[in-house]
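A.B. asks: coords.txt (compact mmCIF, C-alpha atoms) pasted underneath:
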# COMPACT_ATOMS: atom_id res chain seq x y z
CA MET W 1 -10.00 -6.65 -17.53
CA PRO W 2 -7.18 -9.17 -16.96
CA ASN W 3 -5.55 -7.13 -14.20
CA SER W 4 -8.66 -6.98 -12.01
CA TYR W 5 -7.34 -9.83 -9.86
CA PHE W 6 -5.10 -7.15 -8.35
CA THR W 7 -8.06 -5.88 -6.33
CA ARG W 8 -5.89 -3.65 -4.14
CA ASP W 9 -5.09 -1.32 -7.04
CA SER W 10 -8.55 -0.21 -8.15
CA SER W 11 -9.83 0.90 -4.76
CA ILE W 12 -8.96 0.89 -1.09
CA ASN W 13 -11.39 0.82 1.81
CA ILE W 14 -10.40 3.26 4.53
CA ALA W 15 -12.34 4.44 7.61
CA ASP W 16 -16.00 4.20 6.51
CA GLY W 17 -15.25 5.27 2.95
CA VAL W 18 -13.25 4.32 -0.09
CA ILE W 19 -10.59 5.71 -2.41
CA LEU W 20 -11.59 4.91 -5.98
CA SER W 21 -8.34 4.92 -7.88
CA HIS W 22 -7.43 7.04 -10.88
CA MET W 23 -5.32 4.46 -12.70
CA GLY W 24 -2.05 5.43 -14.32
CA LYS W 25 -2.47 3.16 -17.34
CA PRO W 26 -5.40 3.59 -19.79
CA TYR W 27 -6.01 -0.15 -20.06
CA ARG W 28 -6.76 -0.36 -16.31
CA GLN W 29 -9.29 2.48 -16.06
CA ARG W 30 -12.29 0.15 -16.28
CA GLU W 31 -11.43 -1.49 -12.95
CA PRO W 32 -12.18 1.46 -10.62
CA LEU W 33 -15.16 2.33 -12.81
CA LEU W 34 -16.62 -1.08 -11.99
CA MET W 35 -15.97 -0.47 -8.27
CA LYS W 36 -17.67 2.93 -8.56
CA TYR W 37 -20.88 1.33 -9.85
CA ILE W 38 -20.75 -1.36 -7.17
CA HIS W 39 -20.54 1.24 -4.41
CA ARG W 40 -23.21 3.33 -6.07
CA GLY W 41 -25.71 0.65 -7.04
CA ALA W 42 -25.29 -2.54 -4.99
CA ASP W 43 -28.06 -3.33 -2.49
CA GLU W 44 -25.60 -3.29 0.41
CA TYR W 45 -24.82 0.39 -0.22
CA ARG W 46 -28.15 1.71 -1.46
CA ASP W 47 -29.33 3.09 1.89
CA ASN W 48 -25.87 4.02 3.12
CA PRO W 49 -23.76 5.29 0.19
CA THR W 50 -20.00 4.99 0.51
CA GLN W 51 -18.07 8.24 0.71
CA ASP W 52 -15.43 8.43 -1.99
CA PHE W 53 -12.35 10.25 -0.73
CA TYR W 54 -11.10 10.89 -4.27
CA SER W 55 -14.01 10.45 -6.73
CA MET W 56 -11.79 10.21 -9.86
CA GLU W 57 -12.46 13.89 -10.57
CA PRO W 58 -9.04 15.49 -9.92
CA PRO W 59 -6.55 15.07 -12.79
CA TYR W 60 -3.92 13.32 -10.67
CA GLY W 61 -3.27 9.58 -10.63
CA ILE W 62 -3.58 7.43 -7.53
CA GLU W 63 -3.62 3.64 -7.10
CA GLY W 64 -4.46 1.53 -4.07
CA GLY W 65 -1.11 -0.26 -4.01
CA ASP W 66 0.46 3.01 -2.87
CA VAL W 67 -1.76 3.34 0.21
CA LEU W 68 -0.74 1.69 3.51
CA ILE W 69 -3.02 2.10 6.52
CA LEU W 70 -0.89 1.98 9.68
CA SER W 71 -3.68 2.79 12.13
CA ASP W 72 -6.95 4.68 12.41
CA LYS W 73 -4.88 7.87 12.68
CA VAL W 74 -1.99 7.44 10.23
CA VAL W 75 -1.67 6.51 6.55
CA CYS W 76 1.40 6.14 4.30
CA ILE W 77 1.09 6.90 0.58
CA GLY W 78 3.74 6.30 -2.05
CA CYS W 79 4.47 9.10 -4.49
CA THR W 80 5.29 6.96 -7.53
CA GLU W 81 4.80 6.81 -11.27
CA ARG W 82 1.19 5.80 -10.52
CA THR W 83 0.37 8.21 -7.65
CA GLN W 84 1.03 11.94 -7.92
CA PRO W 85 1.55 14.62 -5.22
CA GLY W 86 -1.73 16.39 -6.03
CA ALA W 87 -3.69 13.20 -5.36
CA ILE W 88 -1.91 12.66 -2.03
CA GLU W 89 -2.78 16.20 -0.88
CA PHE W 90 -6.39 15.81 -2.03
CA VAL W 91 -6.87 12.50 -0.23
CA ALA W 92 -5.04 13.73 2.89
CA ALA W 93 -7.38 16.72 3.21
CA ASN W 94 -10.41 14.41 3.11
CA LEU W 95 -8.89 11.91 5.55
CA PHE W 96 -8.17 14.69 8.06
CA LYS W 97 -11.89 15.48 8.05
CA LYS W 98 -12.49 11.86 9.14
CA GLY W 99 -10.15 12.10 12.14
CA PHE W 100 -6.84 11.01 10.66
CA GLU W 101 -3.91 12.97 12.05
CA ALA W 102 -1.07 12.43 9.57
CA VAL W 103 -0.26 11.16 6.09
CA TYR W 104 3.33 10.22 5.25
CA ALA W 105 4.25 10.61 1.58
CA PHE W 106 7.14 8.44 0.35
CA GLU W 107 8.86 9.97 -2.68
CA MET W 108 9.75 6.87 -4.71
CA GLU W 109 11.75 6.69 -7.91
CA ARG W 110 9.63 6.55 -11.05
CA GLY W 111 9.80 3.15 -12.67
CA ARG W 112 8.47 -0.39 -12.68
CA ASN W 113 10.96 -1.55 -10.05
CA ALA W 114 9.17 0.76 -7.60
CA MET W 115 5.70 0.59 -9.10
CA HIS W 116 3.82 0.78 -5.78
CA LEU W 117 4.78 1.45 -2.20
CA ASP W 118 3.42 -1.93 -1.05
CA GLY W 119 6.10 -3.68 -3.09
CA MET W 120 8.70 -1.78 -1.08
CA LEU W 121 7.12 -1.62 2.39
CA THR W 122 4.52 -3.76 4.19
CA MET W 123 3.46 -3.76 7.85
CA VAL W 124 3.60 -7.31 9.29
CA ASP W 125 3.29 -6.71 13.05
CA ARG W 126 2.52 -3.89 15.46
CA ASP W 127 6.13 -2.73 15.25
CA ALA W 128 7.56 -4.63 12.27
CA PHE W 129 7.78 -4.03 8.52
CA LEU W 130 9.09 -5.87 5.50
CA PHE W 131 11.03 -3.42 3.35
CA ASN W 132 13.17 -3.18 0.23
CA PRO W 133 16.71 -2.45 1.49
CA PHE W 134 17.85 -1.31 -1.95
CA LEU W 135 15.61 1.78 -1.88
CA SER W 136 14.97 2.77 1.74
CA GLY W 137 17.96 5.09 2.26
CA ASN W 138 17.27 6.95 -0.99
CA VAL W 139 13.58 7.69 -0.42
CA ASN W 140 12.67 11.00 1.14
CA VAL W 141 9.49 11.20 3.20
CA CYS W 142 7.19 14.16 3.87
CA LYS W 143 4.64 14.37 6.67
CA LEU W 144 1.27 15.93 5.87
CA THR W 145 -0.82 17.24 8.76
CA PRO W 146 -4.01 19.32 9.04
CA ALA W 147 -3.63 23.09 8.81
CA SER W 148 -6.02 26.02 9.01
CA ASP W 149 -5.58 26.65 5.28
CA GLY W 150 -5.73 22.98 4.27
CA VAL W 151 -2.69 20.71 4.49
CA ARG W 152 0.74 21.39 6.00
CA THR W 153 3.73 19.54 4.52
CA GLN W 154 7.13 19.10 6.14
CA PRO W 155 10.10 16.88 5.18
CA VAL W 156 11.00 14.23 7.78
CA GLY W 157 14.07 12.67 6.16
CA SER W 158 14.89 9.35 4.54
CA ASP W 159 15.46 7.12 7.58
CA TRP W 160 12.50 4.78 7.33
CA SER W 161 13.13 3.42 10.82
CA LYS W 162 12.73 6.86 12.41
CA VAL W 163 9.85 7.84 10.13
CA LEU W 164 7.82 4.72 10.88
CA ALA W 165 8.56 4.87 14.60
CA ASP W 166 7.27 8.45 14.63
CA ALA W 167 4.21 7.44 12.62
CA LEU W 168 3.32 4.73 15.14
CA GLY W 169 4.30 6.71 18.22
CA GLU W 170 6.91 4.10 19.14
CA SER W 171 10.52 4.49 20.25
CA SER W 172 11.64 2.11 17.49
CA VAL W 173 10.41 -0.37 14.88
CA ARG W 174 11.78 -3.58 13.39
CA LEU W 175 12.68 -3.54 9.69
CA ILE W 176 13.01 -6.91 7.95
CA PRO W 177 14.96 -6.63 4.65
CA VAL W 178 13.51 -8.58 1.72
CA GLY W 179 16.08 -11.18 0.66
CA ASN W 180 18.32 -9.92 3.47
CA GLY W 181 19.71 -7.31 1.08
CA ASP W 182 21.69 -9.85 -0.94
CA GLU W 183 22.72 -8.38 -4.29
CA ILE W 184 21.63 -11.50 -6.21
CA GLN W 185 19.03 -13.40 -4.18
CA GLY W 186 17.73 -10.20 -2.62
CA PHE W 187 16.93 -8.70 -6.03
CA TRP W 188 15.37 -12.00 -7.12
CA GLU W 189 13.08 -12.04 -4.08
CA MET W 190 12.24 -8.36 -4.52
CA TRP W 191 11.08 -9.00 -8.10
CA ASN W 192 9.17 -12.06 -6.87
CA LEU W 193 7.23 -9.84 -4.48
CA GLY W 194 8.90 -11.01 -1.29
CA GLY W 195 7.83 -7.78 0.39
CA ASN W 196 4.21 -7.90 -0.76
CA VAL W 197 2.44 -10.00 1.87
CA LEU W 198 -1.11 -9.93 3.16
CA THR W 199 -1.16 -9.32 6.91
CA LEU W 200 -4.18 -11.11 8.41
CA ALA W 201 -3.36 -10.06 11.98
CA PRO W 202 -0.31 -8.72 13.83
CA GLY W 203 2.41 -11.33 13.29
CA LEU W 204 0.41 -13.44 10.80
CA VAL W 205 0.86 -13.09 7.03
CA VAL W 206 0.05 -14.88 3.78
CA CYS W 207 2.66 -14.88 1.00
CA TYR W 208 4.35 -16.79 -1.83
CA ASP W 209 6.35 -19.89 -0.92
CA ARG W 210 9.18 -19.03 -3.32
CA ASN W 211 11.02 -16.33 -1.33
CA LYS W 212 12.99 -18.60 1.01
CA ILE W 213 15.38 -16.03 2.49
CA THR W 214 12.58 -13.63 3.38
CA LEU W 215 10.49 -16.46 4.82
CA ASP W 216 13.40 -17.45 7.05
CA LEU W 217 13.79 -13.86 8.26
CA LEU W 218 10.07 -13.65 9.02
CA ASP W 219 10.30 -16.86 11.05
CA LYS W 220 13.27 -15.54 13.03
CA ALA W 221 11.32 -12.34 13.72
CA GLY W 222 8.42 -14.32 15.16
CA ILE W 223 6.13 -13.68 12.17
CA GLU W 224 4.00 -16.67 11.12
CA ALA W 225 3.83 -17.03 7.33
CA ARG W 226 1.22 -19.15 5.58
CA THR W 227 2.39 -19.76 2.03
CA PHE W 228 0.97 -20.71 -1.35
CA GLU W 229 2.41 -21.44 -4.79
CA GLY W 230 2.40 -18.51 -7.18
CA ALA W 231 4.83 -18.96 -10.04
CA GLU W 232 2.32 -17.71 -12.61
CA LEU W 233 0.61 -15.14 -10.38
CA SER W 234 3.90 -13.43 -9.51
CA ARG W 235 4.58 -12.84 -13.21
CA GLY W 236 1.88 -10.17 -13.05
CA CYS W 237 4.13 -8.26 -10.61
CA GLY W 238 1.79 -8.59 -7.64
CA GLY W 239 1.70 -10.53 -4.40
CA ALA W 240 -0.86 -11.59 -1.80
CA ARG W 241 -1.48 -8.03 -0.70
CA CYS W 242 -2.10 -6.87 -4.27
CA MET W 243 -4.67 -9.62 -4.72
CA SER W 244 -6.78 -8.65 -1.70
CA MET W 245 -8.80 -5.71 -0.40
CA PRO W 246 -10.01 -5.87 3.23
CA ILE W 247 -13.57 -4.66 3.76
CA ILE W 248 -13.66 -4.72 7.57
CA ARG W 249 -10.73 -4.17 9.93
CA GLU W 250 -10.97 -4.90 13.63
CA ALA W 251 -9.75 -2.23 16.03
CA LEU W 252 -6.40 -3.15 17.58
Can you dump the structure from the file as structure tokens?

C.D. replies:
Amino acid sequence: MPNSYFTRDSSINIADGVILSHMGKPYRQREPLLMKYIHRGADEYRDNPTQDFYSMEPPYGIEGGDVLILSDKVVCIGCTERTQPGAIEFVAANLFKKGFEAVYAFEMERGRNAMHLDGMLTMVDRDAFLFNPFLSGNVNVCKLTPASDGVRTQPVGSDWSKVLADALGESSVRLIPVGNGDEIQGFWEMWNLGGNVLTLAPGLVVCYDRNKITLDLLDKAGIEARTFEGAELSRGCGGARCMSMPIIREAL
């Protein structure tokens, strides 16, 4: 299980439950199976079993790297080569039962350069996001909301700034382009996971030290970045966010 250090992919804790992923690649299917047995059999969960919002039973793929929790009311999910529309609708229906009000589905291109949504978009402050400027204008977004017959879906366009502002209930948001959109250095920093940072608190992130342009932009935006070396880790196509899975989130 060499890919299990990407703990974000195999499951994601949300509300008081979990999404156990249905991995897109056969060689990664043992990882969520391990998480399933932990949640089912570990002493910490024996008297209070964790609700699984997906349960691996539907035939559609979903991976944790495609799920971004914006608040206790709103979630973004990437529709990618690893996460399919049927899984998004299934998870959305269960999240609405837990009090969530909207799920935003980002229709990404299918391919390794857009493997997961969290390589293209990461929340770094209450109103700020790191994003991949090479994809944002070409990605359509749909908003899923509760309906009497299940889930209602409506297109909300491809302007990420407007979509995310609506999702947060703000008049506007700040979008920080990975690599500043440079055709050479920007692509280099995108492939070196410049947009995949672990947000510890609003305005405080952990990330690789190698993406100098993005680090400078974060500093100018008032975002504190604590860095670490990751030349070998980044070769696995994952960043600090991929290698973490929060268990408890404080209310903000």

A.B. asks: Report the closest atom pair, with its distance in Å rounded to one decimal, for each residue of segment 139-207 of chain W that has an atom no farther than 12 Å from segment 53-72 of chain W; count only C-alpha atoms, sort by chain and then rising residue number, and write it as a tab-separated table.

C.D. replies:
residue	atom	partner	partner_atom	distance
W:Leu164	CA	W:Leu70	CA	9.2
W:Ala165	CA	W:Leu70	CA	11.0
W:Asp166	CA	W:Leu70	CA	11.5
W:Ala167	CA	W:Leu70	CA	8.0
W:Leu168	CA	W:Leu70	CA	7.4
W:Gly169	CA	W:Ser71	CA	10.8
W:Asn196	CA	W:Gly65	CA	9.9
W:Val197	CA	W:Gly65	CA	11.9
W:Leu198	CA	W:Leu68	CA	11.6
W:Thr199	CA	W:Leu68	CA	11.5
W:Pro202	CA	W:Leu70	CA	11.5

A.B. asks: Can you pull out the residues contacting Pro177 of chain W? Cut-off 12 Å, using only C-alpha atoms, and skip same-chain residues under 3 positions away; I want them as a PyMOL selection string.

C.D. replies: chain W and resi 120-122+128-136+160-161+174+180-183+185-187+189-190+194-195+213-218+221

A.B. asks: Point out the residue among W:Ile12, W:Gln29, W:Asp127, W:Val151 with the least atom-to-atom distance to Asn94 of chain W, counting all atoms listed in the file.

C.D. replies: W:Val151

A.B. asks: Which residue, W:Leu200, W:Leu144, W:Gly157, W:Lys73, has the smallest gap to Met245 of chain W when you use all atoms listed in the file?

C.D. replies: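 The shortest atom-to-atom distance to Met245 of chain W comes from W:Leu200.
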
A.B. asks: Just checking: using only C-alpha atoms, which residue out of W:Ala251, W:Met1, W:Cys207, W:Val91 ends up closest to Ile19 of chain W?

C.D. replies: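 Distance minimum relative to Ile19 of chain W lands on W:Val91.
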